[in-house]
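Here is the file final_2.tsv (TSV, C-alpha atoms).
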chain	number	residue	atom	x	y	z
J	22	MET	CA	86.74	83.96	94.80
J	23	GLN	CA	88.72	82.95	97.88
J	24	PRO	CA	92.53	82.99	97.66
J	25	THR	CA	94.11	79.57	97.52
J	26	ASP	CA	96.45	78.48	100.28
J	27	PRO	CA	99.63	79.43	98.33
J	28	GLU	CA	98.11	82.81	97.44
J	29	LYS	CA	97.13	83.38	101.05
J	30	GLN	CA	100.61	82.39	102.20
J	31	VAL	CA	102.23	84.84	99.78
J	32	ALA	CA	99.88	87.60	100.94
J	33	GLU	CA	100.71	86.84	104.57
J	34	GLN	CA	104.44	86.90	103.78
J	35	ALA	CA	104.09	90.26	102.03
J	36	GLN	CA	102.17	91.59	105.03
J	37	PHE	CA	104.92	90.34	107.33
J	38	VAL	CA	107.61	92.03	105.24
J	39	ALA	CA	105.60	95.26	105.23
J	40	MET	CA	105.17	95.19	109.00
J	41	ALA	CA	108.85	94.42	109.57
J	42	ALA	CA	109.88	97.21	107.19
J	43	VAL	CA	107.69	99.72	108.99
J	44	GLY	CA	109.11	98.55	112.31
J	45	ARG	CA	112.62	99.18	111.01
J	46	TRP	CA	111.66	102.65	109.79
J	47	GLU	CA	109.96	103.51	113.09
J	48	THR	CA	113.13	102.55	114.96
J	49	ILE	CA	115.27	104.69	112.68
J	50	VAL	CA	112.90	107.63	113.10
J	51	ASP	CA	112.94	107.22	116.90
J	52	VAL	CA	116.75	107.33	116.90
J	53	LEU	CA	117.14	110.27	114.53
J	54	THR	CA	114.26	112.56	115.54
J	55	PRO	CA	116.02	113.96	118.64
J	56	ILE	CA	118.97	114.97	116.45
J	57	LEU	CA	117.37	115.96	113.13
J	58	GLY	CA	113.87	116.83	114.34
J	59	GLN	CA	110.60	115.49	112.91
J	60	ARG	CA	110.77	117.71	109.86
J	61	GLY	CA	114.38	116.79	109.13
J	62	VAL	CA	113.73	113.06	109.36
J	63	ALA	CA	110.53	113.40	107.32
J	64	ALA	CA	112.33	115.37	104.60
J	65	LEU	CA	115.11	112.78	104.44
J	66	TYR	CA	112.56	109.94	104.30
J	67	ARG	CA	110.63	111.66	101.47
J	68	ARG	CA	113.86	112.22	99.54
J	69	THR	CA	114.70	108.56	100.07
J	70	LEU	CA	111.38	107.48	98.56
J	71	ASN	CA	111.90	109.72	95.56
J	72	VAL	CA	115.43	108.48	94.89
J	73	ALA	CA	114.79	104.77	95.58
J	74	GLY	CA	111.47	105.04	93.74
J	75	ALA	CA	113.38	105.34	90.47
J	76	SER	CA	114.18	101.63	90.67
J	77	HIS	CA	111.21	100.59	92.83
J	78	PRO	CA	108.18	102.64	91.69
J	79	CYS	CA	106.00	101.33	94.52
J	80	LEU	CA	108.02	103.54	96.87
J	81	ILE	CA	106.76	106.66	95.09
J	82	GLU	CA	103.24	105.59	96.08
J	83	ALA	CA	104.35	105.39	99.72
J	84	HIS	CA	105.08	109.13	99.88
J	85	GLU	CA	103.26	110.81	102.74
J	86	SER	CA	103.11	114.39	103.88
J	87	ASP	CA	102.11	113.70	107.48
J	88	GLU	CA	104.41	114.66	110.31
J	89	PRO	CA	105.28	112.78	112.35
J	90	LEU	CA	105.59	110.01	109.80
J	91	SER	CA	103.01	107.25	110.18
J	92	PHE	CA	104.21	104.82	107.47
J	93	LYS	CA	100.60	103.79	106.75
J	94	ARG	CA	101.09	104.19	103.02
J	95	LEU	CA	104.39	102.34	103.09
J	96	ARG	CA	102.80	99.43	104.93
J	97	ARG	CA	99.91	99.30	102.45
J	98	VAL	CA	102.10	99.60	99.36
J	99	LEU	CA	104.60	96.97	100.48
J	100	ALA	CA	101.83	94.55	101.48
J	101	GLN	CA	100.50	94.76	97.90
J	102	GLN	CA	103.85	93.59	96.46
J	103	SER	CA	105.24	90.08	96.33
J	104	PRO	CA	107.32	89.35	99.43
J	105	GLU	CA	110.49	89.47	97.32
J	106	ALA	CA	109.58	92.79	95.71
J	107	ALA	CA	108.61	94.28	99.08
J	108	ALA	CA	111.92	93.19	100.60
J	109	ALA	CA	113.88	94.50	97.60
J	110	ALA	CA	112.09	97.86	97.79
J	111	THR	CA	112.80	98.02	101.51
J	112	ASP	CA	116.48	97.20	100.90
J	113	ALA	CA	116.68	99.94	98.31
J	114	SER	CA	114.99	102.49	100.55
J	115	LEU	CA	117.19	101.69	103.55
J	116	GLU	CA	120.38	101.77	101.49
J	117	THR	CA	119.32	105.06	99.88
J	118	PHE	CA	118.44	106.56	103.26
J	119	HIS	CA	121.80	105.49	104.68
J	120	GLY	CA	123.62	107.01	101.71
J	121	LEU	CA	121.73	110.28	101.97
J	122	LEU	CA	122.33	110.47	105.72
J	123	ASN	CA	126.04	109.74	105.17
J	124	SER	CA	126.26	112.59	102.68
J	125	LEU	CA	124.45	114.90	105.08
J	126	ILE	CA	126.24	114.23	108.37
J	127	GLY	CA	129.14	111.95	107.46
J	128	THR	CA	129.78	108.24	107.76
J	129	SER	CA	131.20	108.27	111.27
J	130	LEU	CA	128.26	110.15	112.81
J	131	THR	CA	125.76	108.08	110.83
J	132	GLN	CA	127.31	104.89	112.19
J	133	ARG	CA	127.29	106.21	115.74
J	134	LEU	CA	123.66	107.35	115.53
J	135	LEU	CA	122.24	104.28	113.86
J	136	GLY	CA	124.59	101.83	115.57
J	137	SER	CA	122.75	98.61	116.29
J	138	VAL	CA	119.55	99.61	114.45
J	139	TRP	CA	121.35	99.69	111.13
J	140	SER	CA	121.40	96.58	109.02
J	141	PRO	CA	122.16	97.09	105.34
J	142	ILE	CA	120.16	94.12	104.09
J	143	PHE	CA	116.50	93.52	104.70
J	144	SER	CA	115.70	90.94	102.02
J	145	GLY	CA	117.00	88.07	104.12
J	146	SER	CA	114.08	88.62	106.47
J	147	PRO	CA	112.22	85.73	108.13
J	148	ALA	CA	109.41	86.31	105.63
J	149	GLN	CA	111.31	83.99	103.32
J	150	ASP	CA	111.15	81.19	105.88
J	151	THR	CA	107.86	79.48	105.09
J	152	LYS	CA	108.35	76.37	107.21
J	153	THR	CA	107.70	76.21	110.90
Turn the structure described in the file into structure tokens.
Amino acid sequence: MQPTDPEKQVAEQAQFVAMAAVGRWETIVDVLTPILGQRGVAALYRRTLNVAGASHPCLIEAHESDEPLSFKRLRRVLAQQSPEAAAAATDASLETFHGLLNSLIGTSLTQRLLGSVWSPIFSGSPAQDTKT
């Protein structure tokens, strides 16, 4: 059974959200790896998934043990969600990560390190814009 156009559109939107989320995570990892190291960033990411997974169980499924992080599982798991659920899970994971990093190194240093790559809200992503 082929997906209908609305189903296909929703699947494409979820895929877009997943790809954008992974892009955001890859940027954060690129910024923090020189300071925290691959293992440090990976440990913080895994902790983030565990904490945020309490309210968004799909994030628990995204846990990976690979270093450096590949985000393959995250991309797959988010693409299987509705676009709204994928964006909400991404918001929760980013906010949790930011909070954990703040508690680890302080707000001031977190802000300086993440600078322009940090945006607290992901759910307003272009994936919600369905008209071109």
Taking all atoms of region 117-131 of chain J that appear in the file, build a box with edges along x, y and z, extend it by 6 Å on every side, and state its centre and edge lengths in Å to one decimal, as JSON.
{"center_x": 124.8, "center_y": 110.0, "center_z": 106.3, "size_x": 24.8, "size_y": 21.8, "size_z": 24.9}
Point out the residue among J:Glu33, J:Ala41, J:Leu125, J:Asp26 with the least atom-to-atom distance to Leu95 (chain J), counting all atoms listed in the file.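 Among the listed residues, J:Ala41 lies closest to Leu95 (chain J).
Considering the residues J:Leu99, J:Ala64, J:Ala108, J:Leu121 and counting all atoms listed in the file, Leu80 (chain J) has its shortest atom-to-atom contact with J:Leu99.
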Which polymer residues have any atom within 8 Å of an atom of Leu65 (chain J), counting all atoms listed in the file, with same-chain residues fewer than 2 positions away left out, as a PyMOL selection string? chain J and resi 61-63+67-69+118+121-122
Residue among J:Asn123, J:Gln101, J:Ser114, J:Thr131 lying closest to Ala35 (chain J), counting only C-alpha atoms: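 Among J:Asn123, J:Gln101, J:Ser114, J:Thr131, it is J:Gln101 that comes nearest to Ala35 (chain J).
Checking J:Val50, J:Ala32, J:Val98, J:Val38 one by one against Leu134 (chain J), counting all atoms listed in the file, you find the shortest gap at J:Val50.
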Work out how far CA of Val52 (chain J) is from CA of Ser91 (chain J), in Å to one decimal.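 Pair CA of Ser91 (chain J) / CA of Val52 (chain J) returns 15.3 Å.
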Determine the nearest neighbour of Val31 (chain J) from the options J:Glu88, J:Glu82, J:Glu47, J:Glu105, counting all atoms listed in the file. J:Glu105
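Between CA of His77 (chain J) and CA of Trp46 (chain J) lies a distance of 17.1 Å.
Distance annotation: of J:Leu135, J:Thr128, J:Ala42, J:Ser86, the residue with the minimal separation from Ala113 (chain J) is J:Ala42; atom set is all atoms listed in the file.
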In Å, rounded to a single decimal, give me how far CA of Asp112 (chain J) is from CA of Tyr66 (chain J). 13.8 Å
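Within the 12 Å cut-off around Leu130 (chain J), using all atoms listed in the file and omitting residues fewer than 6 positions from it on the same chain, the listed residues are Leu53, Ile56, His119, Leu122, Asn123, Ser124 and Gly136 of chain J.
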